[in-house]
$ cat work_38.txt   # compact mmCIF, C-alpha atoms
# COMPACT_ATOMS: atom_id res chain seq x y z
CA MET A 1 -30.94 3.85 46.24
CA SER A 2 -33.04 5.91 43.84
CA ALA A 3 -32.58 5.68 40.09
CA ALA A 4 -31.24 9.25 40.02
CA VAL A 5 -28.67 8.57 42.74
CA SER A 6 -27.67 5.30 41.09
CA ALA A 7 -27.17 7.08 37.75
CA ALA A 8 -25.07 9.79 39.42
CA VAL A 9 -22.87 7.21 41.14
CA SER A 10 -22.44 5.29 37.90
CA ALA A 11 -21.49 8.47 36.05
CA ALA A 12 -18.93 9.37 38.73
CA VAL A 13 -17.38 5.89 38.59
CA SER A 14 -17.26 6.05 34.80
CA ALA A 15 -15.64 9.49 34.86
CA ALA A 16 -13.04 8.32 37.38
CA ALA A 17 -12.24 5.29 35.24
CA MET A 18 -11.83 7.46 32.14
CA ARG A 19 -9.52 9.86 34.00
CA ALA A 20 -7.47 6.88 35.17
CA ARG A 21 -7.18 5.60 31.61
CA MET A 22 -6.05 8.99 30.34
CA ALA A 23 -3.55 9.31 33.19
CA ALA A 24 -2.15 5.83 32.48
CA ALA A 25 -1.74 6.64 28.78
CA ALA A 26 -0.07 9.96 29.56
CA GLU A 27 2.29 8.27 32.02
CA GLU A 28 3.31 5.67 29.46
CA LEU A 29 3.90 8.33 26.81
CA ALA A 30 5.98 10.39 29.21
CA GLY A 31 8.06 7.32 29.96
CA VAL A 32 8.78 6.73 26.28
CA ALA A 33 9.61 10.40 25.71
CA GLY A 34 12.08 10.26 28.58
CA ARG A 35 13.93 7.34 26.95
CA ILE A 36 14.34 8.88 23.48
CA ASP A 37 17.92 10.04 22.93
CA PRO A 38 17.87 13.87 22.69
CA ALA A 39 21.03 13.81 20.58
CA GLY A 40 19.21 11.75 17.97
CA LEU A 41 16.37 14.25 17.84
CA GLU A 42 18.82 17.15 17.53
CA ALA A 43 20.58 15.36 14.68
CA LEU A 44 17.24 14.76 12.98
CA ALA A 45 16.28 18.41 13.38
CA GLY A 46 19.57 19.38 11.75
CA ARG A 47 18.96 17.11 8.76
CA ILE A 48 15.42 18.41 8.34
CA ALA A 49 16.58 22.03 8.52
CA ALA A 50 19.31 21.42 5.94
CA ALA A 51 17.18 19.44 3.48
CA GLY A 52 16.01 20.90 0.22
CA ARG A 53 12.84 18.84 0.32
CA ILE A 54 11.46 16.59 3.05
CA VAL A 55 9.19 13.69 2.18
CA VAL A 56 7.64 11.69 5.02
CA ALA A 57 6.58 8.06 4.68
CA GLY A 58 5.00 5.42 6.87
CA CYS A 59 2.17 2.91 7.07
CA GLY A 60 -1.18 3.06 8.82
CA ARG A 61 -1.39 5.26 11.90
CA GLU A 62 2.34 5.95 11.77
CA ARG A 63 1.74 7.62 8.41
CA LEU A 64 -0.99 9.76 9.97
CA MET A 65 1.42 10.98 12.65
CA LEU A 66 4.01 11.88 10.01
CA MET A 67 1.36 13.64 7.94
CA ALA A 68 0.73 15.88 10.94
CA LEU A 69 4.47 16.55 11.15
CA ALA A 70 4.65 17.39 7.43
CA MET A 71 1.89 19.95 7.94
CA ARG A 72 3.84 21.68 10.70
CA LEU A 73 7.05 21.58 8.64
CA ALA A 74 5.14 23.40 5.90
CA HIS A 75 4.00 25.92 8.50
CA LEU A 76 7.68 26.47 9.29
CA GLY A 77 8.25 27.32 5.63
CA LEU A 78 9.96 24.05 4.75
CA ALA A 79 9.29 22.11 1.55
CA ALA A 80 7.53 19.11 3.09
CA ALA A 81 5.38 16.49 1.40
CA VAL A 82 3.80 13.11 2.11
CA GLN A 83 4.84 10.07 0.09
CA GLY A 84 1.93 8.63 -1.85
CA GLU A 85 0.07 11.90 -2.23
CA THR A 86 -0.41 13.20 -5.76
CA THR A 87 1.60 16.34 -4.95
CA ALA A 88 4.65 14.49 -3.59
CA PRO A 89 7.80 15.59 -5.44
CA PRO A 90 10.75 13.42 -6.48
CA VAL A 91 13.70 13.25 -4.10
CA GLY A 92 17.36 13.49 -4.92
CA PRO A 93 20.66 14.82 -3.58
CA GLY A 94 20.08 17.34 -0.83
CA ASP A 95 16.62 15.96 0.00
CA LEU A 96 15.48 13.87 2.95
CA LEU A 97 13.14 10.91 3.25
CA LEU A 98 11.86 10.75 6.83
CA ALA A 99 10.28 7.35 7.36
CA SER A 100 8.74 5.48 10.25
CA ALA A 101 8.75 1.72 10.69
CA GLY A 102 7.86 1.08 14.31
CA PRO A 103 8.03 -2.73 14.11
CA GLY A 104 11.31 -2.56 12.21
CA ASP A 105 11.03 -4.45 8.96
CA LEU A 106 8.07 -3.04 7.01
CA PRO A 107 8.55 -4.05 3.36
CA THR A 108 6.88 -0.90 2.02
CA VAL A 109 9.08 1.41 4.07
CA THR A 110 12.21 -0.62 3.30
CA ALA A 111 11.50 -0.35 -0.42
CA LEU A 112 10.96 3.41 -0.16
CA MET A 113 14.22 3.86 1.73
CA ALA A 114 16.10 1.90 -0.92
CA ARG A 115 14.51 3.97 -3.67
CA ALA A 116 15.37 7.25 -1.93
CA ARG A 117 18.98 6.20 -1.40
CA ALA A 118 19.29 5.16 -5.02
CA ALA A 119 18.11 8.64 -6.01
CA GLY A 120 20.80 10.25 -3.83
CA ALA A 121 18.55 11.45 -1.01
CA GLU A 122 19.35 11.07 2.67
CA VAL A 123 17.18 8.74 4.74
CA ALA A 124 16.18 9.16 8.37
CA LEU A 125 14.23 6.40 10.10
CA LEU A 126 12.12 6.36 13.24
CA THR A 127 11.66 2.89 14.73
CA ALA A 128 11.19 0.97 17.93
CA GLU A 129 13.22 -1.98 16.61
CA PRO A 130 16.57 -0.67 15.33
CA ASP A 131 18.00 -4.20 15.17
CA ARG A 132 15.25 -5.30 12.77
CA VAL A 133 15.66 -2.67 10.05
CA ALA A 134 17.59 -2.88 6.81
CA PRO A 135 20.84 -0.84 6.89
CA LEU A 136 19.48 1.82 4.56
CA ALA A 137 19.12 4.84 6.85
CA ASP A 138 21.73 7.57 7.31
CA LEU A 139 20.18 8.32 10.70
CA VAL A 140 18.11 6.05 12.96
CA VAL A 141 16.18 7.46 15.91
CA THR A 142 14.90 4.84 18.31
CA VAL A 143 11.47 5.37 19.85
CA PRO A 144 11.40 2.73 22.60
CA ALA A 145 7.71 1.87 22.65
CA GLN A 146 5.46 -1.11 22.10
CA THR A 147 4.51 -1.74 18.47
CA MET A 148 2.77 -4.58 16.67
CA ALA A 149 6.11 -6.39 16.78
CA SER A 150 5.90 -6.56 20.57
CA ASP A 151 2.22 -6.33 21.56
CA THR A 152 1.75 -10.04 22.27
CA GLY A 153 3.52 -12.52 24.51
CA PRO A 154 6.16 -11.62 27.11
CA ARG A 155 7.20 -8.38 25.37
CA ALA A 156 3.73 -6.82 25.64
CA SER A 157 3.91 -4.11 28.28
CA SER A 158 1.51 -1.29 27.39
CA ALA A 159 -2.05 -0.76 28.53
CA LEU A 160 -2.66 0.69 25.07
CA PRO A 161 -3.48 -1.70 22.22
CA MET A 162 -1.20 -2.76 19.41
CA GLY A 163 1.13 0.08 18.33
CA SER A 164 -0.74 2.95 19.96
CA LEU A 165 2.07 3.77 22.38
CA TYR A 166 4.60 4.12 19.56
CA GLU A 167 2.20 6.15 17.45
CA GLY A 168 1.39 8.51 20.31
CA ALA A 169 5.10 8.92 20.98
CA LEU A 170 5.59 9.85 17.32
CA PHE A 171 3.20 12.74 17.79
CA LEU A 172 5.05 13.99 20.88
CA LEU A 173 8.40 13.58 19.14
CA SER A 174 7.09 15.51 16.14
CA GLU A 175 5.93 18.43 18.26
CA ALA A 176 9.31 18.56 20.02
CA LEU A 177 11.00 18.61 16.61
CA VAL A 178 8.78 21.49 15.49
CA LEU A 179 9.69 23.53 18.57
CA GLU A 180 13.40 22.84 18.00
CA LEU A 181 13.19 23.74 14.33
CA ALA A 182 11.26 26.94 15.01
CA ASP A 183 14.06 28.04 17.32
CA ARG A 184 16.82 27.03 14.90
CA LEU A 185 15.18 28.69 11.92
CA GLY A 186 13.94 31.74 13.81
CA VAL A 187 10.33 31.20 12.76
CA ALA A 188 7.77 33.07 14.84
CA ARG A 189 4.38 31.62 15.73
CA ALA A 190 2.69 34.37 13.73
CA ALA A 191 4.63 33.34 10.62
CA MET A 192 3.59 29.73 11.12
CA ARG A 193 -0.02 30.72 11.55
CA ALA A 194 0.12 32.83 8.39
CA ARG A 195 1.05 29.70 6.40
CA HIS A 196 -1.96 27.75 7.63
CA THR A 197 -4.59 27.07 5.01
CA ASN A 198 -7.54 29.43 4.74
CA LEU A 199 -9.64 26.81 2.94
CA GLU A 200 -11.36 25.38 6.02
$ encode --input "work_38.txt" --output "structure tokens"
Amino acid sequence: MSAAVSAAVSAAVSAAAMRARMAAAAEELAGVAGRIDPAGLEALAGRIAAAGRIVVAGCGRERLMLMALAMRLAHLGLAAAVQGETTAPPVGPGDLLLASAGPGDLPTVTALMARARAAGAEVALLTAEPDRVAPLADLVVTVPAQTMASDTGPRASSALPMGSLYEGALFLLSEALVLELADRLGVARAAMRARHTNLE
């Protein structure tokens, strides 16, 4: 076999393996999405739509997913902010803290939920481990995916590492929420686009 033919075969095998990896990840994400309770998402959409201000909070890659959601909420015309940023407002009655704690008990997130409740804000929590969270949330939406609480030992089930499956599911969940909110609020795509930054 010539070097050129060998390289072509190797490239084809590599491409097939990459497609298989992407297909496996997509299949896992679809499975998680299919197990999320739609009623919980509808209730969360209602709380977001009714909130005066929405502040999102999370740790690590979960925080990144919620930052993406906060951006789209702003595109919808909602007052959304990210906890920890210098522009984050205070929360109080009529506001909503939307937090994620995939593994359940994350001390940072638990402390933020307690602080928000003490200020009179509502708290909504996204988690894969609803039995491992402090009873501080007004609404809990379970995202049944592997996190770093379940990525080793007999509970490990995903081809994706660590909490990647949960984090990817957060992104899908967020986009579904945005579609639901756009319908509820009557926000057109053109109006969303008009709110996108022009400083790029």
$ atom_distance --input "work_38.txt" --atom1 "CA of Ala88 in chain A" --atom2 "CA of Ala101 in chain A"
19.6 Å
$ residues_near_point --input "work_38.txt" --point "(3.5, -2.3, 17.0)" --cutoff "10 Å" --atoms "all atoms listed in the file" --output "number ranges by chain"
A: 62, 101-104, 127-129, 145-152, 156, 161-167
$ closest_residue --input "work_38.txt" --among "A:Pro154, A:Ala26, A:Arg35, A:Leu76" --to "Gly186 in chain A" --atoms "only C-alpha atoms"
A:Leu76
$ atom_distance --input "work_38.txt" --atom1 "CA of Val141 in chain A" --atom2 "CA of Leu41 in chain A"
7.1 Å
$ closest_residue --input "work_38.txt" --among "A:Leu170, A:Gly120, A:Ala74, A:Met113" --to "Val143 in chain A" --atoms "all atoms listed in the file"
A:Leu170
$ closest_residue --input "work_38.txt" --among "A:Asp131, A:Pro144, A:Ala137, A:Ala121" --to "Leu29 in chain A" --atoms "only C-alpha atoms"
A:Pro144
$ closest_residue --input "work_38.txt" --among "A:Ala43, A:Val82, A:Ile36, A:Met71" --to "Val55 in chain A" --atoms "all atoms listed in the file"
A:Val82
$ residues_around --input "work_38.txt" --residues "Ile48 in chain A" --least-positions-apart "4" --cutoff "12 Å" --atoms "only C-alpha atoms" --output "VMD selection string"
chain A and resid 41 to 44 52 to 56 69 to 70 73 to 74 76 to 80 94 to 98 122 to 124 139 174 177 to 178 180 to 182 184 to 185
$ closest_residue --input "work_38.txt" --among "A:His75, A:Glu175, A:Thr110, A:Leu136" --to "Ala191 in chain A" --atoms "all atoms listed in the file"
A:His75
$ closest_residue --input "work_38.txt" --among "A:Met18, A:Leu172, A:Leu106, A:Leu199" --to "Met65 in chain A" --atoms "all atoms listed in the file"
A:Leu172
$ atom_distance --input "work_38.txt" --atom1 "CA of Leu160 in chain A" --atom2 "CA of Ala25 in chain A"
7.1 Å
$ build_atoms --input "work_38.txt" --residues "range 46-69 of chain A" --atoms "N, CA and C atoms" --output "mmCIF file, in the frame of the given file"
data_model
loop_
_atom_site.group_PDB
_atom_site.id
_atom_site.type_symbol
_atom_site.label_atom_id
_atom_site.label_comp_id
_atom_site.auth_asym_id
_atom_site.auth_seq_id
_atom_site.Cartn_x
_atom_site.Cartn_y
_atom_site.Cartn_z
ATOM 1 N N GLY A 46 18.557 18.800 12.620
ATOM 2 C CA GLY A 46 19.570 19.380 11.750
ATOM 3 C C GLY A 46 19.422 18.916 10.308
ATOM 4 N N ARG A 47 19.122 17.633 10.121
ATOM 5 C CA ARG A 47 18.960 17.110 8.760
ATOM 6 C C ARG A 47 17.695 17.669 8.107
ATOM 7 N N ILE A 48 16.648 17.827 8.882
ATOM 8 C CA ILE A 48 15.420 18.410 8.340
ATOM 9 C C ILE A 48 15.668 19.857 7.923
ATOM 10 N N ALA A 49 16.330 20.616 8.802
ATOM 11 C CA ALA A 49 16.580 22.030 8.520
ATOM 12 C C ALA A 49 17.445 22.223 7.288
ATOM 13 N N ALA A 50 18.361 21.289 7.051
ATOM 14 C CA ALA A 50 19.310 21.420 5.940
ATOM 15 C C ALA A 50 18.771 20.860 4.622
ATOM 16 N N ALA A 51 17.672 20.123 4.675
ATOM 17 C CA ALA A 51 17.180 19.440 3.480
ATOM 18 C C ALA A 51 16.525 20.410 2.508
ATOM 19 N N GLY A 52 16.716 20.120 1.226
ATOM 20 C CA GLY A 52 16.010 20.900 0.220
ATOM 21 C C GLY A 52 14.527 20.586 0.246
ATOM 22 N N ARG A 53 14.211 19.300 0.223
ATOM 23 C CA ARG A 53 12.840 18.840 0.320
ATOM 24 C C ARG A 53 12.781 17.713 1.342
ATOM 25 N N ILE A 54 11.682 17.647 2.083
ATOM 26 C CA ILE A 54 11.460 16.590 3.050
ATOM 27 C C ILE A 54 10.213 15.835 2.643
ATOM 28 N N VAL A 55 10.341 14.529 2.468
ATOM 29 C CA VAL A 55 9.190 13.690 2.180
ATOM 30 C C VAL A 55 9.052 12.698 3.329
ATOM 31 N N VAL A 56 7.863 12.613 3.912
ATOM 32 C CA VAL A 56 7.640 11.690 5.020
ATOM 33 C C VAL A 56 6.911 10.451 4.501
ATOM 34 N N ALA A 57 7.175 9.317 5.138
ATOM 35 C CA ALA A 57 6.580 8.060 4.680
ATOM 36 C C ALA A 57 6.379 7.121 5.867
ATOM 37 N N GLY A 58 5.287 6.401 5.842
ATOM 38 C CA GLY A 58 5.000 5.420 6.870
ATOM 39 C C GLY A 58 3.757 4.650 6.483
ATOM 40 N N CYS A 59 3.350 3.736 7.339
ATOM 41 C CA CYS A 59 2.170 2.910 7.070
ATOM 42 C C CYS A 59 1.145 3.115 8.185
ATOM 43 N N GLY A 60 -0.120 3.026 7.825
ATOM 44 C CA GLY A 60 -1.180 3.060 8.820
ATOM 45 C C GLY A 60 -1.179 4.319 9.675
ATOM 46 N N ARG A 61 -1.324 4.131 10.964
ATOM 47 C CA ARG A 61 -1.390 5.260 11.900
ATOM 48 C C ARG A 61 -0.053 5.977 12.014
ATOM 49 N N GLU A 62 1.037 5.275 11.783
ATOM 50 C CA GLU A 62 2.340 5.950 11.770
ATOM 51 C C GLU A 62 2.361 6.995 10.659
ATOM 52 N N ARG A 63 1.809 6.663 9.524
ATOM 53 C CA ARG A 63 1.740 7.620 8.410
ATOM 54 C C ARG A 63 0.925 8.844 8.812
ATOM 55 N N LEU A 64 -0.163 8.634 9.537
ATOM 56 C CA LEU A 64 -0.990 9.760 9.970
ATOM 57 C C LEU A 64 -0.191 10.706 10.873
ATOM 58 N N MET A 65 0.608 10.137 11.774
ATOM 59 C CA MET A 65 1.420 10.980 12.650
ATOM 60 C C MET A 65 2.430 11.802 11.838
ATOM 61 N N LEU A 66 3.034 11.173 10.827
ATOM 62 C CA LEU A 66 4.010 11.880 10.010
ATOM 63 C C LEU A 66 3.338 12.891 9.078
ATOM 64 N N MET A 67 2.105 12.640 8.698
ATOM 65 C CA MET A 67 1.360 13.640 7.940
ATOM 66 C C MET A 67 1.164 14.902 8.780
ATOM 67 N N ALA A 68 0.880 14.729 10.047
ATOM 68 C CA ALA A 68 0.730 15.880 10.940
ATOM 69 C C ALA A 68 2.053 16.642 11.050
ATOM 70 N N LEU A 69 3.165 15.901 11.110
ATOM 71 C CA LEU A 69 4.470 16.550 11.150
ATOM 72 C C LEU A 69 4.735 17.324 9.862
#
